[in-house]
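Engineer: One structure coming up, written as structure tokens, with questions to follow.
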Amino acid sequence: MAYITYQQYLDLYGTCPISEEEFPVYAGLASDLIDGMTQYRIEKSGGISALSPFLQELIKKATAAQVLYFTQIGLETVLTG
């Protein structure tokens with residue numbers, strides 16, 4: 001499950017360089033990357049909703065930033081390295 005929704009992304013950045021239909025793919029990949037970087041501690045602790053509001057916000061911001069980065073470098077580059 002992605003750590004951020006399209007609307008939450010819009011609330012943080014104002015605009016989105018990809019369509020709402022494309023967003024779940026990018027957000028899912030970004031969330032997977034964050035899980036790997038955190039050694040799956042978010043899921044092990046009960047998911048994002050089990051964390052404090054402060055940590056939830058930080059995770060959402062990190063996911064949004066990763067989505068933005070993915071849109072800048074292109075999804076093909078993300079998937080192939």
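Chain identifiers are assigned as A, B, and so on, following the order in which chains appear in the structure tokens; residues are numbered from 1 within each chain, and ligands are numbered from 1 in order of appearance.
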Would you pick out the contacts of Glu43 in chain A at 12 Å or less, using only C-alpha atoms, so that residues sharing its chain but fewer than 5 positions from it are not included, and give the list as a list of chain:residue names?
Structural biologist: A:Met1, A:Ala2, A:Tyr3, A:Ser31, A:Asp32, A:Ile34, A:Asp35, A:Gly36, A:Thr38, A:Ile48, A:Ser49, A:Ala50, A:Leu51
Engineer: The selected residues should be written to file as a short mmCIF file (atom, residue, chain, number, x, y, z; two decimals), in the first residue's frame (atoms: N, CA and C atoms).
Structural biologist:
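And here is the file that came out, part02.cif:
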data_model
loop_
_atom_site.label_atom_id
_atom_site.label_comp_id
_atom_site.auth_asym_id
_atom_site.auth_seq_id
_atom_site.Cartn_x
_atom_site.Cartn_y
_atom_site.Cartn_z
N MET A 1 0.84 -1.18 0.00
CA MET A 1 0.00 0.00 0.00
C MET A 1 0.88 1.25 0.00
N ALA A 2 0.51 2.20 -0.79
CA ALA A 2 1.28 3.44 -0.89
C ALA A 2 1.08 4.29 0.36
N TYR A 3 2.14 4.99 0.72
CA TYR A 3 2.10 5.83 1.91
C TYR A 3 1.52 7.22 1.65
N SER A 31 6.89 3.97 -2.10
CA SER A 31 6.64 3.37 -0.80
C SER A 31 7.48 2.11 -0.61
N ASP A 32 7.60 1.31 -1.67
CA ASP A 32 8.45 0.12 -1.61
C ASP A 32 9.90 0.49 -1.33
N ILE A 34 10.98 3.18 0.23
CA ILE A 34 11.06 3.64 1.62
C ILE A 34 11.03 2.45 2.57
N ASP A 35 10.21 1.44 2.27
CA ASP A 35 10.20 0.23 3.09
C ASP A 35 11.58 -0.41 3.12
N GLY A 36 12.21 -0.53 1.97
CA GLY A 36 13.54 -1.12 1.91
C GLY A 36 14.56 -0.31 2.68
N THR A 38 14.04 1.60 5.21
CA THR A 38 13.77 1.55 6.65
C THR A 38 13.77 0.12 7.18
N ILE A 48 1.75 2.45 8.72
CA ILE A 48 1.91 3.88 8.92
C ILE A 48 0.91 4.45 9.92
N SER A 49 -0.29 3.90 9.97
CA SER A 49 -1.31 4.43 10.88
C SER A 49 -0.99 4.14 12.34
N ALA A 50 -0.10 3.19 12.61
CA ALA A 50 0.29 2.87 13.98
C ALA A 50 1.36 3.83 14.51
N LEU A 51 1.91 4.65 13.65
CA LEU A 51 2.97 5.58 14.05
C LEU A 51 2.38 6.91 14.50
#
Engineer: How close does range 27-52 of chain A get to range 15-22 of chain A? List, as a Markdown table, each residue of range 27-52 of chain A within 12 Å, its nearest atom pair and the distance in Å to one decimal, counting only C-alpha atoms.
Structural biologist:
| residue | atom | partner | partner_atom | distance |
| --- | --- | --- | --- | --- |
| A:Ala27 | CA | A:Glu22 | CA | 9.0 |
| A:Gly28 | CA | A:Glu22 | CA | 10.5 |
| A:Leu29 | CA | A:Glu22 | CA | 11.6 |
Engineer: Using DSSP assignments from the backbone, pull out every residue in chain A that falls under helix (DSSP H, G or I) and give it to me as a PyMOL selection string.
Structural biologist: chain A and resi 6-13+23-37+41-44+48-50+53-73+75-80
Engineer: Looking at A:Leu58, A:Gly74, A:Phe23, A:Leu79, which one is nearest to Leu10 in chain A, with distances taken over only C-alpha atoms?
Structural biologist: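 Between A:Leu58, A:Gly74, A:Phe23, A:Leu79, the residue approaching Leu10 in chain A most closely is A:Phe23.
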Engineer: Might you pull out every residue within 9 Å of Ala64 in chain A, with only C-alpha atoms counted and same-chain residues fewer than 5 positions away left off, and present them as a count of residues only?
Structural biologist: 10
Engineer: Any idea what the distance is between CA of Gln66 in chain A and CA of Gly81 in chain A?
Structural biologist: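 So the answer is 14.8 Å.
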Engineer: Considering only C-alpha atoms, state which residue in the set A:Gly47, A:Pro24, A:Gly14, A:Pro53 is at the smallest distance from Val67 in chain A.
Structural biologist: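 Nearest to Val67 in chain A: A:Pro24.
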Engineer: CA of Thr71 in chain A and CA of Gln56 in chain A are how many Å apart?
Structural biologist: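 Separating CA of Thr71 in chain A from CA of Gln56 in chain A is a distance of 22.6 Å.
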Engineer: Report the distance between CA of Gly46 in chain A and CA of Tyr6 in chain A in Å, rounded to one decimal place.
Structural biologist: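 These two atoms are separated by 22.7 Å.
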Engineer: Rank nothing, just name the residue among A:Ser45, A:Leu75, A:Thr80, A:Lys60 nearest to Asp11 in chain A, using only C-alpha atoms.
Structural biologist: A:Lys60
